[in-house]
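Listing of protein-v7.cif; format and content: mmCIF, C-alpha atoms and all ligand atoms.
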data_input
loop_
_atom_site.label_atom_id
_atom_site.label_comp_id
_atom_site.auth_asym_id
_atom_site.auth_seq_id
_atom_site.Cartn_x
_atom_site.Cartn_y
_atom_site.Cartn_z
CA MET K 1 42.99 -28.83 -55.13
CA ILE K 2 45.60 -31.22 -53.72
CA ASP K 3 48.34 -29.68 -51.58
CA PRO K 4 51.52 -30.30 -53.62
CA ILE K 5 53.95 -29.51 -50.78
CA PRO K 6 53.97 -33.04 -49.23
CA LEU K 7 54.59 -34.48 -52.72
CA MET K 8 57.52 -32.13 -53.22
CA GLU K 9 58.98 -33.17 -49.88
CA LYS K 10 58.49 -36.82 -50.69
CA LEU K 11 60.22 -36.37 -54.04
CA ALA K 12 63.15 -34.53 -52.43
CA ARG K 13 63.50 -37.39 -49.95
CA ASP K 14 62.82 -40.52 -52.05
CA HIS K 15 63.64 -39.27 -55.59
CA ARG K 16 60.59 -41.11 -56.88
CA LEU K 17 56.81 -40.75 -56.98
CA GLU K 18 53.93 -42.84 -58.23
CA LEU K 19 52.60 -41.92 -61.67
CA HIS K 20 49.43 -40.40 -60.18
CA GLU K 21 51.55 -38.37 -57.76
CA TYR K 22 53.58 -36.89 -60.64
CA GLU K 23 50.27 -35.94 -62.24
CA ALA K 24 49.10 -34.31 -59.03
CA LEU K 25 52.39 -32.45 -58.69
CA LEU K 26 52.06 -31.11 -62.22
CA GLY K 27 48.40 -30.28 -61.98
CA ASN K 28 48.32 -28.47 -58.62
CA ARG K 29 50.54 -25.45 -58.45
CA THR K 30 50.43 -22.11 -56.68
CA PRO K 31 53.02 -19.34 -56.88
CA GLU K 32 54.12 -20.25 -53.32
CA SER K 33 54.48 -23.97 -53.97
CA LYS K 34 56.37 -23.32 -57.20
CA GLU K 35 58.90 -21.25 -55.30
CA TYR K 36 59.11 -23.96 -52.64
CA LEU K 37 59.91 -26.59 -55.28
CA ARG K 38 62.49 -24.32 -56.87
CA ARG K 39 64.23 -23.89 -53.53
CA LEU K 40 64.30 -27.63 -52.85
CA ALA K 41 65.80 -28.19 -56.31
CA GLU K 42 68.39 -25.45 -55.89
CA GLU K 43 69.46 -26.84 -52.49
CA THR K 44 69.83 -30.31 -54.01
CA ARG K 45 71.79 -28.97 -56.95
CA ILE K 46 74.16 -27.06 -54.64
CA ALA K 47 74.65 -30.14 -52.45
CA VAL K 48 75.89 -32.12 -55.48
CA TYR K 49 77.45 -29.60 -57.88
CA GLY K 50 77.97 -26.54 -55.69
CA ARG K 51 77.51 -23.38 -57.73
CA ASP K 52 79.48 -24.67 -60.72
CA VAL K 53 78.00 -24.30 -64.19
CA TYR K 54 79.37 -26.69 -66.80
CA ILE K 55 79.64 -25.42 -70.36
CA ARG K 56 79.53 -27.43 -73.60
CA GLY K 57 80.51 -26.15 -77.01
CA LEU K 58 77.70 -27.03 -79.39
CA ILE K 59 78.75 -27.69 -82.98
CA GLU K 60 75.79 -28.13 -85.33
CA THR K 61 77.37 -30.39 -87.89
CA THR K 62 74.62 -30.60 -90.53
CA ASN K 63 71.01 -29.60 -91.07
CA ILE K 64 70.48 -32.26 -93.73
CA CYS K 65 68.05 -34.82 -92.33
CA LYS K 66 66.31 -37.89 -93.68
CA ASN K 67 63.59 -37.66 -91.04
CA ASP K 68 60.37 -35.71 -91.16
CA CYS K 69 59.50 -34.99 -87.51
CA TYR K 70 56.41 -32.77 -87.56
CA TYR K 71 57.78 -30.23 -85.08
CA CYS K 72 61.24 -29.71 -86.50
CA GLY K 73 62.33 -26.89 -88.81
CA ILE K 74 65.06 -28.97 -90.49
CA ARG K 75 62.70 -31.84 -91.38
CA ARG K 76 63.28 -33.21 -94.87
CA SER K 77 60.00 -31.83 -96.25
CA ASN K 78 60.89 -28.24 -95.45
CA ALA K 79 61.96 -27.07 -98.89
CA GLY K 80 62.50 -23.56 -97.49
CA CYS K 81 65.39 -24.73 -95.32
CA SER K 82 68.76 -23.78 -96.75
CA ARG K 83 70.89 -26.88 -96.24
CA TYR K 84 74.54 -27.08 -95.14
CA ARG K 85 77.02 -29.63 -93.96
CA LEU K 86 80.18 -28.68 -92.09
CA THR K 87 83.43 -30.16 -93.34
CA ARG K 88 85.79 -32.11 -91.15
CA SER K 89 88.11 -29.11 -90.97
CA ASP K 90 85.20 -26.74 -90.09
CA ILE K 91 84.40 -28.99 -87.14
CA LEU K 92 87.99 -29.38 -85.98
CA GLU K 93 88.52 -25.64 -86.28
CA ALA K 94 85.40 -24.88 -84.25
CA ALA K 95 86.58 -27.28 -81.55
CA GLY K 96 90.04 -25.68 -81.54
CA GLU K 97 88.48 -22.27 -81.05
CA GLY K 98 86.26 -23.67 -78.33
CA TYR K 99 89.23 -25.18 -76.54
CA THR K 100 90.92 -21.78 -76.42
CA LEU K 101 87.73 -20.29 -75.01
CA GLY K 102 87.73 -22.82 -72.16
CA PHE K 103 85.40 -25.55 -73.42
CA ARG K 104 86.28 -29.11 -72.40
CA THR K 105 83.22 -30.80 -73.89
CA PHE K 106 82.22 -30.64 -77.53
CA VAL K 107 78.75 -31.65 -78.61
CA LEU K 108 78.35 -32.68 -82.23
CA GLN K 109 74.67 -32.37 -83.06
CA GLY K 110 73.03 -32.74 -86.41
CA GLY K 111 70.25 -34.06 -88.56
CA GLU K 112 70.38 -37.68 -89.69
CA ASP K 113 72.62 -37.03 -92.66
CA GLY K 114 73.90 -40.13 -94.46
CA TRP K 115 77.19 -38.40 -95.31
CA PHE K 116 78.23 -38.91 -91.68
CA THR K 117 78.96 -42.60 -92.09
CA ASP K 118 80.59 -44.58 -89.30
CA GLU K 119 83.87 -44.34 -91.15
CA ARG K 120 83.83 -40.55 -91.44
CA THR K 121 82.40 -39.99 -87.98
CA THR K 122 84.80 -42.32 -86.17
CA ALA K 123 87.76 -40.70 -87.95
CA LEU K 124 86.50 -37.30 -86.83
CA ILE K 125 86.03 -38.40 -83.21
CA ARG K 126 89.53 -39.91 -83.15
CA GLU K 127 91.05 -36.71 -84.44
CA LEU K 128 89.11 -34.61 -81.93
CA LYS K 129 90.32 -36.83 -79.10
CA ARG K 130 93.90 -36.78 -80.43
CA ARG K 131 93.95 -32.99 -80.50
CA HIS K 132 92.07 -32.55 -77.21
CA PRO K 133 92.64 -35.62 -75.04
CA ASP K 134 91.38 -33.79 -71.95
CA CYS K 135 87.97 -33.14 -73.55
CA ALA K 136 84.75 -35.10 -73.64
CA VAL K 137 82.98 -35.70 -76.95
CA THR K 138 79.20 -35.80 -76.88
CA LEU K 139 77.22 -36.92 -79.90
CA SER K 140 73.64 -36.04 -80.80
CA LEU K 141 73.24 -37.58 -84.22
CA GLY K 142 69.93 -39.37 -83.88
CA GLU K 143 69.06 -43.03 -84.27
CA ARG K 144 71.76 -45.44 -85.45
CA SER K 145 72.33 -49.17 -85.20
CA TYR K 146 73.92 -50.89 -82.21
CA GLU K 147 76.99 -51.57 -84.35
CA SER K 148 77.26 -47.94 -85.30
CA TYR K 149 76.91 -46.73 -81.72
CA ARG K 150 79.59 -49.25 -80.77
CA ALA K 151 81.99 -48.02 -83.43
CA LEU K 152 81.50 -44.39 -82.34
CA ARG K 153 82.02 -45.34 -78.71
CA GLU K 154 85.20 -47.27 -79.53
CA ALA K 155 86.47 -44.24 -81.44
CA GLY K 156 86.26 -42.30 -78.18
CA ALA K 157 82.80 -40.74 -77.89
CA ASP K 158 81.91 -40.30 -74.22
CA ARG K 159 78.30 -39.19 -74.18
CA TYR K 160 75.20 -39.38 -76.37
CA LEU K 161 72.11 -37.19 -76.35
CA LEU K 162 68.94 -38.66 -77.81
CA ARG K 163 65.74 -37.18 -76.50
CA HIS K 164 62.98 -39.73 -76.16
CA GLU K 165 60.60 -36.83 -77.08
CA THR K 166 57.61 -38.33 -75.25
CA ALA K 167 57.22 -41.56 -73.28
CA ASP K 168 53.66 -42.14 -74.51
CA GLU K 169 53.33 -44.21 -77.65
CA GLU K 170 50.19 -42.51 -78.97
CA HIS K 171 51.63 -39.09 -78.35
CA TYR K 172 54.86 -40.15 -80.07
CA ALA K 173 52.83 -41.12 -83.13
CA LYS K 174 51.28 -37.65 -83.24
CA LEU K 175 54.69 -35.99 -83.33
CA HIS K 176 56.38 -38.29 -85.84
CA PRO K 177 55.65 -40.06 -89.12
CA ALA K 178 54.93 -43.79 -88.88
CA GLU K 179 58.49 -44.90 -89.72
CA LEU K 180 59.70 -43.44 -86.41
CA THR K 181 58.61 -45.33 -83.32
CA LEU K 182 58.97 -44.87 -79.59
CA GLN K 183 59.98 -48.50 -79.34
CA ASN K 184 63.00 -47.95 -81.57
CA ARG K 185 63.91 -44.70 -79.85
CA MET K 186 63.94 -46.42 -76.48
CA GLU K 187 65.91 -49.35 -77.83
CA CYS K 188 68.54 -46.90 -79.05
CA LEU K 189 68.68 -45.38 -75.56
CA ARG K 190 69.11 -48.80 -73.95
CA ASN K 191 71.83 -49.72 -76.45
CA LEU K 192 73.71 -46.50 -75.78
CA LYS K 193 73.62 -47.15 -72.06
CA GLU K 194 74.81 -50.72 -72.50
CA LEU K 195 77.75 -49.50 -74.58
CA GLY K 196 78.92 -47.36 -71.68
CA TYR K 197 77.96 -43.90 -72.92
CA GLN K 198 76.77 -41.29 -70.46
CA VAL K 199 73.31 -41.08 -71.98
CA GLY K 200 70.86 -38.19 -72.18
CA CYS K 201 67.17 -38.43 -72.96
CA GLY K 202 64.59 -35.65 -72.78
CA PHE K 203 61.45 -34.10 -74.18
CA MET K 204 59.85 -30.87 -75.33
CA VAL K 205 57.55 -29.05 -72.95
CA GLY K 206 54.19 -28.05 -74.43
CA SER K 207 54.58 -30.00 -77.64
CA PRO K 208 51.35 -30.38 -79.65
CA TYR K 209 48.80 -32.77 -78.09
CA GLN K 210 50.84 -33.06 -74.89
CA GLU K 211 48.76 -33.63 -71.75
CA VAL K 212 49.70 -33.71 -68.08
CA ARG K 213 49.45 -37.49 -68.09
CA HIS K 214 52.08 -37.64 -70.84
CA LEU K 215 54.46 -35.50 -68.82
CA ALA K 216 53.88 -37.75 -65.80
CA LYS K 217 54.94 -40.69 -67.97
CA ASP K 218 58.04 -38.79 -69.10
CA LEU K 219 58.99 -38.24 -65.47
CA LYS K 220 58.40 -41.89 -64.59
CA TYR K 221 60.45 -43.01 -67.57
CA ILE K 222 63.34 -40.74 -66.58
CA GLU K 223 63.13 -41.91 -62.96
CA GLU K 224 63.37 -45.54 -64.08
CA PHE K 225 65.85 -45.19 -66.95
CA SER K 226 68.07 -42.99 -64.78
CA PRO K 227 69.99 -41.20 -67.54
CA ALA K 228 73.20 -39.24 -66.83
CA MET K 229 71.75 -36.21 -68.65
CA CYS K 230 68.34 -34.89 -69.55
CA GLY K 231 67.54 -32.18 -72.10
CA ILE K 232 64.23 -30.40 -71.87
CA GLY K 233 63.06 -27.16 -73.40
CA PRO K 234 59.83 -25.58 -74.55
CA PHE K 235 58.42 -26.59 -77.91
CA ILE K 236 58.76 -23.52 -80.14
CA THR K 237 56.58 -23.20 -83.22
CA HIS K 238 58.20 -23.23 -86.64
CA LYS K 239 55.96 -21.90 -89.40
CA ALA K 240 57.31 -24.19 -92.12
CA THR K 241 56.14 -27.34 -90.31
CA PRO K 242 52.78 -29.11 -89.97
CA PHE K 243 52.64 -27.66 -86.42
CA ALA K 244 52.66 -24.05 -87.59
CA ALA K 245 49.31 -23.36 -85.92
CA PHE K 246 50.23 -24.73 -82.49
CA PRO K 247 51.33 -22.38 -79.70
CA SER K 248 54.79 -22.65 -78.19
CA GLY K 249 55.27 -24.35 -74.83
CA SER K 250 55.39 -22.44 -71.60
CA PHE K 251 58.44 -21.02 -69.89
CA GLU K 252 56.97 -21.55 -66.41
CA ASP K 253 56.16 -25.20 -67.08
CA THR K 254 59.73 -25.78 -68.25
CA ILE K 255 61.20 -24.20 -65.12
CA TYR K 256 58.89 -26.26 -62.92
CA LEU K 257 59.88 -29.47 -64.73
CA LEU K 258 63.61 -28.66 -64.43
CA SER K 259 63.17 -28.52 -60.65
CA ILE K 260 61.28 -31.82 -60.59
CA LEU K 261 64.03 -33.46 -62.66
CA ARG K 262 66.72 -32.22 -60.27
CA LEU K 263 64.84 -33.86 -57.39
CA ILE K 264 64.28 -37.11 -59.30
CA LYS K 265 68.00 -37.42 -59.92
CA PRO K 266 70.25 -35.12 -57.87
CA THR K 267 73.36 -35.97 -59.96
CA LEU K 268 71.67 -35.31 -63.32
CA LEU K 269 73.51 -33.19 -65.89
CA LEU K 270 70.65 -30.83 -66.66
CA PRO K 271 71.04 -28.07 -69.24
CA ALA K 272 69.29 -24.74 -69.30
CA THR K 273 68.67 -25.15 -73.03
CA THR K 274 68.84 -22.76 -75.96
CA ALA K 275 65.07 -23.10 -76.39
CA LEU K 276 64.60 -21.85 -72.81
CA GLY K 277 66.92 -18.93 -73.53
CA THR K 278 64.98 -18.22 -76.72
CA ILE K 279 61.52 -17.81 -75.14
CA HIS K 280 62.68 -15.71 -72.18
CA PRO K 281 65.50 -13.14 -72.02
CA LYS K 282 66.58 -14.48 -68.61
CA GLY K 283 65.82 -18.10 -69.50
CA ARG K 284 69.32 -19.47 -68.96
CA GLU K 285 69.71 -17.80 -65.56
CA MET K 286 66.28 -18.84 -64.37
CA GLY K 287 66.94 -22.38 -65.52
CA ILE K 288 70.12 -22.49 -63.43
CA LEU K 289 68.25 -21.07 -60.43
CA ALA K 290 65.64 -23.82 -60.85
CA GLY K 291 68.23 -26.62 -60.65
CA ALA K 292 69.95 -26.81 -64.05
CA ASN K 293 73.77 -27.08 -64.06
CA VAL K 294 74.78 -27.06 -67.73
CA VAL K 295 74.75 -24.46 -70.53
CA MET K 296 75.55 -25.27 -74.14
CA PRO K 297 76.64 -22.17 -76.06
CA ASN K 298 76.86 -22.31 -79.83
CA LEU K 299 80.28 -22.93 -81.40
CA SER K 300 79.10 -23.52 -84.95
CA PRO K 301 80.66 -21.26 -87.59
CA LEU K 302 78.66 -18.00 -87.80
CA SER K 303 77.93 -18.57 -91.48
CA VAL K 304 75.71 -21.60 -90.74
CA ARG K 305 74.35 -20.75 -87.32
CA LYS K 306 71.07 -19.28 -88.58
CA LYS K 307 70.50 -22.30 -90.80
CA TYR K 308 70.26 -24.82 -87.98
CA GLU K 309 66.77 -23.53 -87.39
CA LEU K 310 64.94 -26.22 -85.42
CA TYR K 311 62.44 -23.54 -84.40
CA GLU K 312 61.90 -19.88 -85.13
CA GLY K 313 63.84 -17.08 -83.52
CA LYS K 314 66.54 -19.44 -82.21
CA ILE K 315 69.12 -17.30 -80.47
CA ALA K 316 72.66 -17.69 -81.72
CA THR K 317 74.57 -14.61 -80.62
CA GLY K 318 75.04 -12.79 -77.31
CA GLU K 319 75.46 -15.18 -74.40
CA GLU K 320 74.35 -18.04 -76.66
CA SER K 321 77.52 -17.69 -78.59
CA ALA K 322 80.56 -19.58 -77.37
CA GLN K 323 82.64 -16.56 -78.36
CA SER K 324 80.79 -14.61 -75.66
CA VAL K 325 81.62 -17.03 -72.88
CA ARG K 326 82.86 -14.07 -70.79
CA LEU K 327 79.41 -12.52 -71.01
CA LEU K 328 77.80 -15.81 -70.03
CA ALA K 329 80.23 -16.12 -67.10
CA GLU K 330 79.30 -12.60 -65.95
CA ARG K 331 75.62 -13.40 -66.16
CA MET K 332 76.13 -16.51 -64.09
CA GLU K 333 78.21 -14.58 -61.56
CA SER K 334 75.38 -12.05 -61.25
CA ILE K 335 73.14 -14.83 -59.89
CA GLY K 336 75.85 -16.33 -57.66
CA TYR K 337 77.04 -19.12 -59.98
CA LYS K 338 80.36 -19.82 -61.66
CA VAL K 339 81.21 -21.10 -65.14
CA VAL K 340 84.01 -23.65 -64.84
CA THR K 341 86.56 -24.99 -67.31
CA ALA K 342 86.12 -28.75 -66.86
CA ARG K 343 84.89 -31.83 -68.66
CA GLY K 344 81.95 -31.73 -66.30
CA ASP K 345 81.14 -35.43 -66.00
CA ALA K 346 78.17 -36.52 -63.91
CA LYS K 347 78.94 -36.95 -60.22
CA GLN K 348 78.30 -40.50 -59.08
CA SER K 349 76.58 -39.61 -55.83
CA ILE K 350 75.75 -36.71 -53.53
N1 LIG K 401 68.71 -35.45 -85.06
C1 LIG K 401 69.11 -35.46 -83.67
C2 LIG K 401 69.14 -34.06 -83.08
C3 LIG K 401 67.79 -33.44 -83.03
S1 LIG K 401 67.71 -31.73 -82.68
C4 LIG K 401 68.17 -36.37 -82.91
O1 LIG K 401 67.24 -36.91 -83.49
O2 LIG K 401 68.39 -36.58 -81.73
C5 LIG K 401 67.65 -31.78 -80.92
C6 LIG K 401 66.29 -31.63 -80.29
O3 LIG K 401 65.68 -30.41 -80.66
C7 LIG K 401 65.25 -32.66 -80.65
O4 LIG K 401 65.45 -33.85 -79.97
C8 LIG K 401 63.94 -31.95 -80.27
O5 LIG K 401 63.50 -32.35 -78.96
C9 LIG K 401 64.34 -30.47 -80.29
N2 LIG K 401 63.49 -29.72 -81.22
C10 LIG K 401 63.25 -29.97 -82.53
N3 LIG K 401 62.33 -29.12 -83.02
C11 LIG K 401 61.96 -28.31 -82.00
C12 LIG K 401 61.03 -27.24 -81.86
N4 LIG K 401 60.28 -26.83 -82.87
N5 LIG K 401 60.95 -26.62 -80.66
C13 LIG K 401 61.72 -27.00 -79.63
N6 LIG K 401 62.58 -28.02 -79.68
C14 LIG K 401 62.72 -28.66 -80.86
#
Rendering of file as structure tokens:
Amino acid sequence: MIDPIPLMEKLARDHRLELHEYEALLGNRTPESKEYLRRLAEETRIAVYGRDVYIRGLIETTNICKNDCYYCGIRRSNAGCSRYRLTRSDILEAAGEGYTLGFRTFVLQGGEDGWFTDERTTALIRELKRRHPDCAVTLSLGERSYESYRALREAGADRYLLRHETADEEHYAKLHPAELTLQNRMECLRNLKELGYQVGCGFMVGSPYQEVRHLAKDLKYIEEFSPAMCGIGPFITHKATPFAAFPSGSFEDTIYLLSILRLIKPTLLLPATTALGTIHPKGREMGILAGANVVMPNLSPLSVRKKYELYEGKIATGEESAQSVRLLAERMESIGYKVVTARGDAKQSI
């Protein structure tokens, strides 16, 4: 076994490792070294963001999707999925409620639903920004053309989340049908960056066929692409998908990877995701303690919340619910952190 401690120290100092060093870091862990990495990540996080936790109000705009990703519960082939699409006024109302609750970033996330044309989506973004000029608008609406991303950006969108899912082409092809390619995904990410969005990429931990060498490539990609945000969470099995027989990803691996990501990019906006909160009752808190600095509670209308079922057992109430932001704040206070009312943009440097 390789001693991972010198690699951890190198990463904390240089914010980069060679591909084979990432592999060694992932493949050689002891309970003691894991705790050491966590502490390095927490120190780095506190040096940049203090003990502030940024919150984002997540509005799941539609579960109608033209894509057929093998892992996803809202894939077009899942006939058992009860479909919905929020109206413009549903979305504006959810944002208004979120504003009152203290949210200053709204994330519009949805399947690739053709109803959300550039015309409708830009009008919606403009109205959101008119009503809440002090808020950031984040989009997570999948792959679109350069022109479309430009129109949405010009309408006022500030950030865009588009997970790269895996940085290995062969692995990508095992998770997606042939019409979806890693090349296109990465081109979208480059386009978004060029257009001046704060961009987020990311991947699932423990997705089917994932190997340590794939994760090492994910880390190298993130190091080089240097996104403002990065979303990672465990893969969680959904029985109505082709991956029904695969086990879910591991909580511990996700925590370990969050800490590595914090050291790769100290200023990263790094959420403790819903998927992490779903597989462990203290997932959100432990994610924050491992270096995460963002939580995205659900602001979608209660009537549709269960229907945006990317994976099974997705939590949607309790501290996951934007309406329970007080409860979330208390939970964060119990571990020495503080939910803040702020746009929560990425800091430029330490
Ligand atoms: N259509 C948008 C939003 C996708 S949903 C897009 O393409 O970007 C957001 C993320 O949920 C996906 O990027 C994927 O990484 C994650 N996800 C989907 N199915 C999942 C599952 N079964 N378990 C865990 N995460 C999942």
> Quick one: residues within 7 Å of ligand LIG 401 (chain K), with only C-alpha atoms and all ligand atoms, as a PyMOL selection string?
Replying inline: chain K and resi 71-73+109-112+140-143+161-163+165+203-204+233-238+275+310-311
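The residue that comes closest to Thr117 in chain K, out of K:Ala329, K:Ile222, K:Val212, K:Ala151 and on the basis of only C-alpha atoms, is K:Ala151.
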> Near Leu276 in chain K, within 12 Å and counting all atoms listed in the file, which residues show up once chain neighbours fewer than 6 positions away are dropped, as a PyMOL selection string?
Replying inline: chain K and resi 204-205+231-236+248-255+258+282-288+292+295-296+311+313-315+320
Within 12 Å of Thr241 in chain K, counting all atoms listed in the file, which residues show up once you throw out same-chain ones fewer than 5 positions away? Write them as an mmCIF file with C-alpha atoms, keeping the file's coordinate frame, please.
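Full text of out.cif as output:
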data_model
loop_
_atom_site.group_PDB
_atom_site.id
_atom_site.type_symbol
_atom_site.label_atom_id
_atom_site.label_comp_id
_atom_site.auth_asym_id
_atom_site.auth_seq_id
_atom_site.Cartn_x
_atom_site.Cartn_y
_atom_site.Cartn_z
ATOM 1 C CA ASP K 68 60.370 -35.710 -91.160
ATOM 2 C CA CYS K 69 59.500 -34.990 -87.510
ATOM 3 C CA TYR K 70 56.410 -32.770 -87.560
ATOM 4 C CA TYR K 71 57.780 -30.230 -85.080
ATOM 5 C CA CYS K 72 61.240 -29.710 -86.500
ATOM 6 C CA GLY K 73 62.330 -26.890 -88.810
ATOM 7 C CA ILE K 74 65.060 -28.970 -90.490
ATOM 8 C CA ARG K 75 62.700 -31.840 -91.380
ATOM 9 C CA ARG K 76 63.280 -33.210 -94.870
ATOM 10 C CA SER K 77 60.000 -31.830 -96.250
ATOM 11 C CA ASN K 78 60.890 -28.240 -95.450
ATOM 12 C CA ALA K 79 61.960 -27.070 -98.890
ATOM 13 C CA GLY K 80 62.500 -23.560 -97.490
ATOM 14 C CA CYS K 81 65.390 -24.730 -95.320
ATOM 15 C CA LEU K 175 54.690 -35.990 -83.330
ATOM 16 C CA HIS K 176 56.380 -38.290 -85.840
ATOM 17 C CA ILE K 236 58.760 -23.520 -80.140
ATOM 18 C CA PHE K 246 50.230 -24.730 -82.490
ATOM 19 C CA GLU K 309 66.770 -23.530 -87.390
ATOM 20 C CA LEU K 310 64.940 -26.220 -85.420
ATOM 21 C CA TYR K 311 62.440 -23.540 -84.400
ATOM 22 C CA GLU K 312 61.900 -19.880 -85.130
#
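Minimum atom-to-atom distance to Pro177 in chain K, evaluated using only C-alpha atoms, belongs to K:Asn67 out of K:Thr100, K:Ser226, K:Asn298, K:Asn67.
The nearest approach to Leu101 in chain K among the residues K:Ile55, K:Ala240, K:Leu40, K:Ala290, with only C-alpha atoms taken into account, belongs to K:Ile55.
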